[in-house]
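Asker: I have a structure here, written as structure tokens, and I will follow up with some questions on it.
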Amino acid sequence: MNNLLSYSLADFIPFAPSTYTRLFQSYHAEIWPLWAAGLFIGLVMALLLARGGTRLAAVLAGVCWVWTGWAFLIERYQALNWAGLHMGVFFLATGVLIAVIGFGASPLRSKAGAALALFATLGHPLIVGTSGLPWDAGGLMGTAPDPTALAALGVALGTCGWRRWAIALPAGAWCVFGFLTALGMERPALGAAAGAGAALFCVFSVWPGRKRGLG
Amino acid sequence: MIKRRQFLAATAATAAALAWPSAQAAGGRIVRKIPKTGEPIGVIGMGSWITFNVGADAALRDARADVLRAFFAAGGGMVDSSPMYGSSEDVIGYCLNRLKPEGGLFSATKVWTSGKAEGREQFADSLRLWHLDKLDLYQVHNLVAWSDHLETLVELKRQGRIRYIGITTSHGRSHHELEHVIATRPEFDFVQLTYNPADREAEARLLPAAADRGLGVIVNRPFRRGSLTDRMAGKPLPGWAAEIGCTGWPQVLLKYAVSHPAVTCAIPATSQVPHMVENMAAGTGALPDADLRRRIQNHIATL
């Protein structure tokens with residue numbers, strides 16, 4: 001354990017930041033117009049969560065997780081990181097989990113959930129873009145891991161009880177991982193939305209207003 | 001804390017080895033002899049951690065081919081990689097296929113898995129990725145399951161599929177275990193470890209032990225993954241840098257690493273041709289003597 005702790009975050013990242021951001025850009029060029037469809041799905045999810053359409057939002061989130069796990073993590077990211085295959089399998093399994101658990105949830109209107117889905121869809125590329133990187137350099141909602149995981153936290157807020165935490169734990173864990181990866185690459189903007197989103201989820205989950213439909 | 005006996009042993013080994021001037025190859029390139037065979041090798045090799053892990057990106061692959069071309073043009077030999085480095089082996093193979101270097105390459109990669117059977121598969125994968133039918137140096141990465149892999153490596157060497165066997169560590173880890181391994185297993189020809197003016201743990205025991213056992217020593221992380229060069233960026237070079245022909249801090253760090261008499265070569269990694277040219281220039285001209293090495297250490301400690 002001491003041996004493990006002696007590594008820095010950067011020691012776990014086997015690629016250069018520029019290689020990582022270029023991977024997203026070439027991926028987007030290859031899958032056009034699917035990345036635009038992913039952004040549209042993010043907006044639809046926000047609308048659904050605001051109106052109590054958690055079930056459909058969860059299914060859409062699940063589809064996005066499965067796509068991201070297969071098309072990005074396994075098919076592309078794995079070339080840069082040997083752990084990409086494991087991450088991809090995690091996304092495939094979690095996508096199914098989110099769809100099944102969310103579809104069985106009692107509908108709950110969640111403005112906070114809608115806000116997180118919106119933040120994942122628009123806030124993430126905005127933060128990346130204003131940092132000086134290309135706006136899509138950190139991936140996009142629906143087709144890339146960090147914003148897709150962040151939007152799933154919004155879905156979690158549209159559920160309650162054990163279902164909320166069953167969705168939030170894997171999604172939140174990935175957001176924290178994405179945030180740490182960005183720090184390790186010394187490109188904090190790439191993980192800022194994921195990190196802030198995970199923190200916001202915690203705030204919204206304990207916010208007293210949730211009983212009035214905020215959370 | 002270094003004990004007196006260890007210090008004396010290290011000093012004696014250093015002094016003895018300083019008595020062996022490095023040979024100069026054509027073009028003033030400094031070469032060292034691999035201790036077990038006497039085969040000459042340039043003191044500056046090339047690592048590939050991060051820098052050659054560019055996946056399928058065609059533009060970056062071609063850019064790395066340019067880096068490797070500059071390396072060979074300057075007389076470079078050792079290219080080091082590992083299955084742990086993502087697509088690095090694949091990209092190196094792509095570059096070698098494009099460049100088709102004649103005779104200069106000294107291929108070095110690693111086995112990085114806990115299973116013996118998987119280790120054999122990894123060797124076959126490496127040959128395929130590098131587009132080679134044999135490797136010059138095959139190393140156990142970070143001591144992972146080294147006792148399981150050693151039998152395989154010895155067999156591969158007997159078959160002529162590899163020429164040398166090595167074992168690696170980095171970040172100053174597992175030095176005690178590594179010292180025990182090289183002291184008890186004569187099958188190893190090379191040891192790879194981290195050594196730079198800020199990471200000098202190897203001086204106390206490992207470097208003297210390697211010299212004592214006749215092992216070649218490969219230095220990784222000579223720039224501490226860029227943190228030392230970043231720290232020194234913009235700081236003026238002291239006057240003594242010119243005495244050893246250095247025009248930049250990376251060259252000072254490389255000359256420091258390879259001037260330890262037990263060291264065979266260093267393997268800095270870069271993704272840029274100008275940096276490769278600068279690195280390779282560190283493998284020419286004069287090396288710091290013991291006094292200048294101390295001054296380098298002291299100066300860098302103050303930055």
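Residues are referred to by chain and number: the chain letter is A, B, ... according to the order shown in the structure tokens, the number counts from 1 in that chain, and ligands are numbered separately from 1 in the order shown.
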Please, which residues of chain B lie no more than 7 Å from chain A when the count uses only C-alpha atoms, and can they be set out as a list in words?
Answerer: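 Every residue of chain B that passes the 7 Å test is in Trp49, Ile50, Thr51, Asn53, Val54, Gly55, Met84, Tyr85, Gly86 and Ser87 of chain B.
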Asker: Looking only at alpha helix (DSSP H) from DSSP on the backbone, list the matching residues of region 173-228 of chain B as a list in words.
Answerer: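 After running DSSP on the backbone, region 173-228 of chain B has alpha helix (DSSP H) at His175, His176, Glu177, Leu178, Glu179, His180, Val181, Ile182, Ala183, Thr184, Leu206, Leu207, Pro208, Ala209, Ala210, Ala211, Asp212, Arg213, Ser227 and Leu228 of chain B.
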Asker: Since we have the selection now, will you write its residues out, keeping C-alpha atoms, as a short mmCIF file (atom, residue, chain, number, x, y, z; two decimals), in the first residue's frame?
Answerer:
```cif
data_model
loop_
_atom_site.label_atom_id
_atom_site.label_comp_id
_atom_site.auth_asym_id
_atom_site.auth_seq_id
_atom_site.Cartn_x
_atom_site.Cartn_y
_atom_site.Cartn_z
CA HIS B 175 15.74 -1.73 -4.35
CA HIS B 176 16.31 -4.27 -1.59
CA GLU B 177 14.54 -7.01 -3.51
CA LEU B 178 16.30 -6.03 -6.72
CA GLU B 179 19.66 -6.10 -4.99
CA HIS B 180 18.89 -9.59 -3.71
CA VAL B 181 17.81 -10.72 -7.18
CA ILE B 182 20.94 -9.54 -8.95
CA ALA B 183 23.13 -10.90 -6.18
CA THR B 184 21.64 -14.38 -6.37
CA LEU B 206 22.36 -1.03 -6.40
CA LEU B 207 24.85 0.61 -8.74
CA PRO B 208 27.86 -0.84 -6.90
CA ALA B 209 26.14 -4.23 -6.80
CA ALA B 210 25.43 -4.08 -10.53
CA ALA B 211 29.04 -3.15 -11.25
CA ASP B 212 30.23 -5.92 -8.95
CA ARG B 213 28.08 -8.50 -10.73
CA SER B 227 9.66 17.55 -13.50
CA LEU B 228 13.39 18.32 -13.23
#
```
Asker: Pick the closest to His28 (chain A) from A:Ala198, A:Ala192, A:Ala137, A:Cys175: which is it, counting only C-alpha atoms?
Answerer: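 Smallest distance to His28 (chain A) is found for A:Ala137.
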Asker: For Leu56 (chain A), which of A:Ala149, A:Val100, A:Ile74, A:Ala193 is the closest residue, counting only C-alpha atoms?
Answerer: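 Going through A:Ala149, A:Val100, A:Ile74, A:Ala193 one by one, the smallest distance to Leu56 (chain A) is for A:Val100.
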Asker: Can you work out which one of B:Leu68, B:Arg225, B:Glu118, B:Asp80 has the shortest atom-to-atom distance to Lys100 (chain B), counting only C-alpha atoms?
Answerer: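 For Lys100 (chain B), the nearest of the given residues is B:Leu68.
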Asker: Contacts of His149 (chain B) at 12 Å or less, counting only C-alpha atoms, minus same-chain residues fewer than 6 places along, as a tab-separated table (two decimals) with N, CA and C atoms, in the first residue's frame?
Answerer:
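Final file, around.tsv:
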```
chain	number	residue	atom	x	y	z
B	110	LYS	N	9.72	-5.55	-22.47
B	110	LYS	CA	9.57	-6.18	-21.15
B	110	LYS	C	8.42	-7.17	-21.13
B	111	VAL	N	8.48	-8.04	-20.15
B	111	VAL	CA	7.34	-8.89	-19.85
B	111	VAL	C	6.68	-8.29	-18.61
B	112	TRP	N	5.37	-8.10	-18.71
B	112	TRP	CA	4.64	-7.42	-17.63
B	112	TRP	C	3.31	-8.13	-17.39
B	113	THR	N	3.40	-9.24	-16.74
B	113	THR	CA	2.20	-10.00	-16.42
B	113	THR	C	2.57	-10.99	-15.31
B	114	SER	N	1.56	-11.45	-14.61
B	114	SER	CA	1.88	-12.31	-13.46
B	114	SER	C	1.93	-13.79	-13.82
B	115	GLY	N	1.45	-14.18	-14.97
B	115	GLY	CA	1.40	-15.60	-15.32
B	115	GLY	C	2.50	-16.00	-16.28
B	116	LYS	N	3.01	-17.19	-16.10
B	116	LYS	CA	4.09	-17.68	-16.95
B	116	LYS	C	3.62	-17.84	-18.40
B	117	ALA	N	2.44	-18.46	-18.58
B	117	ALA	CA	1.91	-18.67	-19.93
B	117	ALA	C	1.62	-17.33	-20.61
B	118	GLU	N	1.05	-16.40	-19.83
B	118	GLU	CA	0.77	-15.08	-20.39
B	118	GLU	C	2.07	-14.37	-20.77
B	119	GLY	N	3.12	-14.64	-20.02
B	119	GLY	CA	4.42	-14.06	-20.33
B	119	GLY	C	4.90	-14.51	-21.70
B	120	ARG	N	4.72	-15.79	-22.00
B	120	ARG	CA	5.13	-16.30	-23.33
B	120	ARG	C	4.29	-15.64	-24.43
B	121	GLU	N	3.00	-15.48	-24.15
B	121	GLU	CA	2.13	-14.83	-25.14
B	121	GLU	C	2.56	-13.37	-25.36
B	122	GLN	N	2.95	-12.74	-24.24
B	122	GLN	CA	3.37	-11.35	-24.35
B	122	GLN	C	4.64	-11.22	-25.21
B	123	PHE	N	5.55	-12.18	-25.06
B	123	PHE	CA	6.76	-12.16	-25.88
B	123	PHE	C	6.40	-12.26	-27.37
B	138	TYR	N	15.29	-8.50	-23.26
B	138	TYR	CA	13.94	-8.74	-22.75
B	138	TYR	C	14.02	-8.68	-21.22
B	139	GLN	N	13.20	-7.79	-20.65
B	139	GLN	CA	13.33	-7.50	-19.22
B	139	GLN	C	12.04	-7.84	-18.46
B	140	VAL	N	12.21	-8.18	-17.21
B	140	VAL	CA	11.05	-8.36	-16.33
B	140	VAL	C	10.67	-6.99	-15.80
B	141	HIS	N	9.46	-6.55	-16.14
B	141	HIS	CA	9.02	-5.19	-15.78
B	141	HIS	C	8.71	-5.10	-14.28
B	143	LEU	N	9.89	-6.07	-11.63
B	143	LEU	CA	10.06	-7.32	-10.86
B	143	LEU	C	8.79	-8.17	-10.81
B	155	GLU	N	15.27	-19.70	-21.39
B	155	GLU	CA	15.00	-20.57	-22.53
B	155	GLU	C	15.01	-19.78	-23.84
B	156	LEU	N	14.40	-18.58	-23.81
B	156	LEU	CA	14.38	-17.75	-25.01
B	156	LEU	C	15.81	-17.34	-25.41
B	165	ILE	N	19.06	-10.69	-20.93
B	165	ILE	CA	17.95	-10.76	-19.98
B	165	ILE	C	18.11	-9.62	-18.97
B	166	GLY	N	17.03	-8.92	-18.69
B	166	GLY	CA	17.11	-7.81	-17.74
B	166	GLY	C	15.95	-7.81	-16.76
B	167	ILE	N	16.06	-6.93	-15.79
B	167	ILE	CA	15.01	-6.76	-14.79
B	167	ILE	C	14.94	-5.28	-14.45
B	187	GLU	N	21.72	-15.10	-14.06
B	187	GLU	CA	21.14	-15.13	-15.42
B	187	GLU	C	20.92	-13.73	-15.98
B	188	PHE	N	20.79	-12.73	-15.09
B	188	PHE	CA	20.48	-11.38	-15.57
B	188	PHE	C	21.72	-10.70	-16.15
```
Asker: Taking 3 positions as the minimum chain separation for residues in the same chain, which residues sit within 8 Å of Ala99 (chain A) when counting only C-alpha atoms? Answer as a PyMOL selection string.
Answerer: chain A and resi 55+58-63+95-96+102-103
Asker: Please determine, counting only C-alpha atoms, which residue among A:Leu9, A:Leu47, A:Ala112, A:Ala152 has the shortest atom-to-atom distance to Leu169 (chain A).
Answerer: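 Checking each candidate against Leu169 (chain A), we get A:Ala152 as the closest.
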Asker: Pick out the closest residue to Arg128 (chain B) from this set: B:Val67, B:Leu292, B:Ile92, B:Ala198. Count only C-alpha atoms.
Answerer: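 Ranked by minimum distance to Arg128 (chain B), first place goes to B:Ile92.
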Asker: Counting only C-alpha atoms, what is within 12 Å of Trp165 (chain A), bar same-chain residues fewer than 4 positions away, as a list in words?
Answerer: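 So the residues in contact are Leu97, Ile98, Ile101, Gly102, Ala152, Leu153, Gly154, Val155, Ala156, Leu157, Gly158, Thr159, Cys160, Gly161, Leu169, Pro170, Ala171, Gly172, Ala173, Phe201, Cys202 and Ser205 of chain A.
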Asker: Determine the nearest neighbour of Leu39 (chain A) from the options A:Thr54, A:Thr181, A:Thr148, A:Thr121, counting only C-alpha atoms.
Answerer: A:Thr121
Asker: Show me, as a PyMOL selection string, the residues that have an atom within 10 Å of Glu75 (chain A) when counting only C-alpha atoms, minus same-chain residues fewer than 4 positions from it.
Answerer: chain A and resi 68-71+79+84-85+88
Asker: May I have the residues from that selection written out with C-alpha atoms, as a CSV table (one decimal), in the first residue's frame?
Answerer:
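Output file selection-v6.csv is given in full below:
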```csv
chain,number,residue,atom,x,y,z
A,68,THR,CA,-19.6,4.9,-24.6
A,69,GLY,CA,-18.3,1.7,-23.1
A,70,TRP,CA,-18.2,-0.1,-26.5
A,71,ALA,CA,-17.5,2.6,-29.1
A,79,ALA,CA,-5.3,1.4,-27.4
A,84,GLY,CA,-9.6,0.6,-21.1
A,85,LEU,CA,-11.1,-2.9,-21.6
A,88,GLY,CA,-15.5,-0.4,-21.1
```
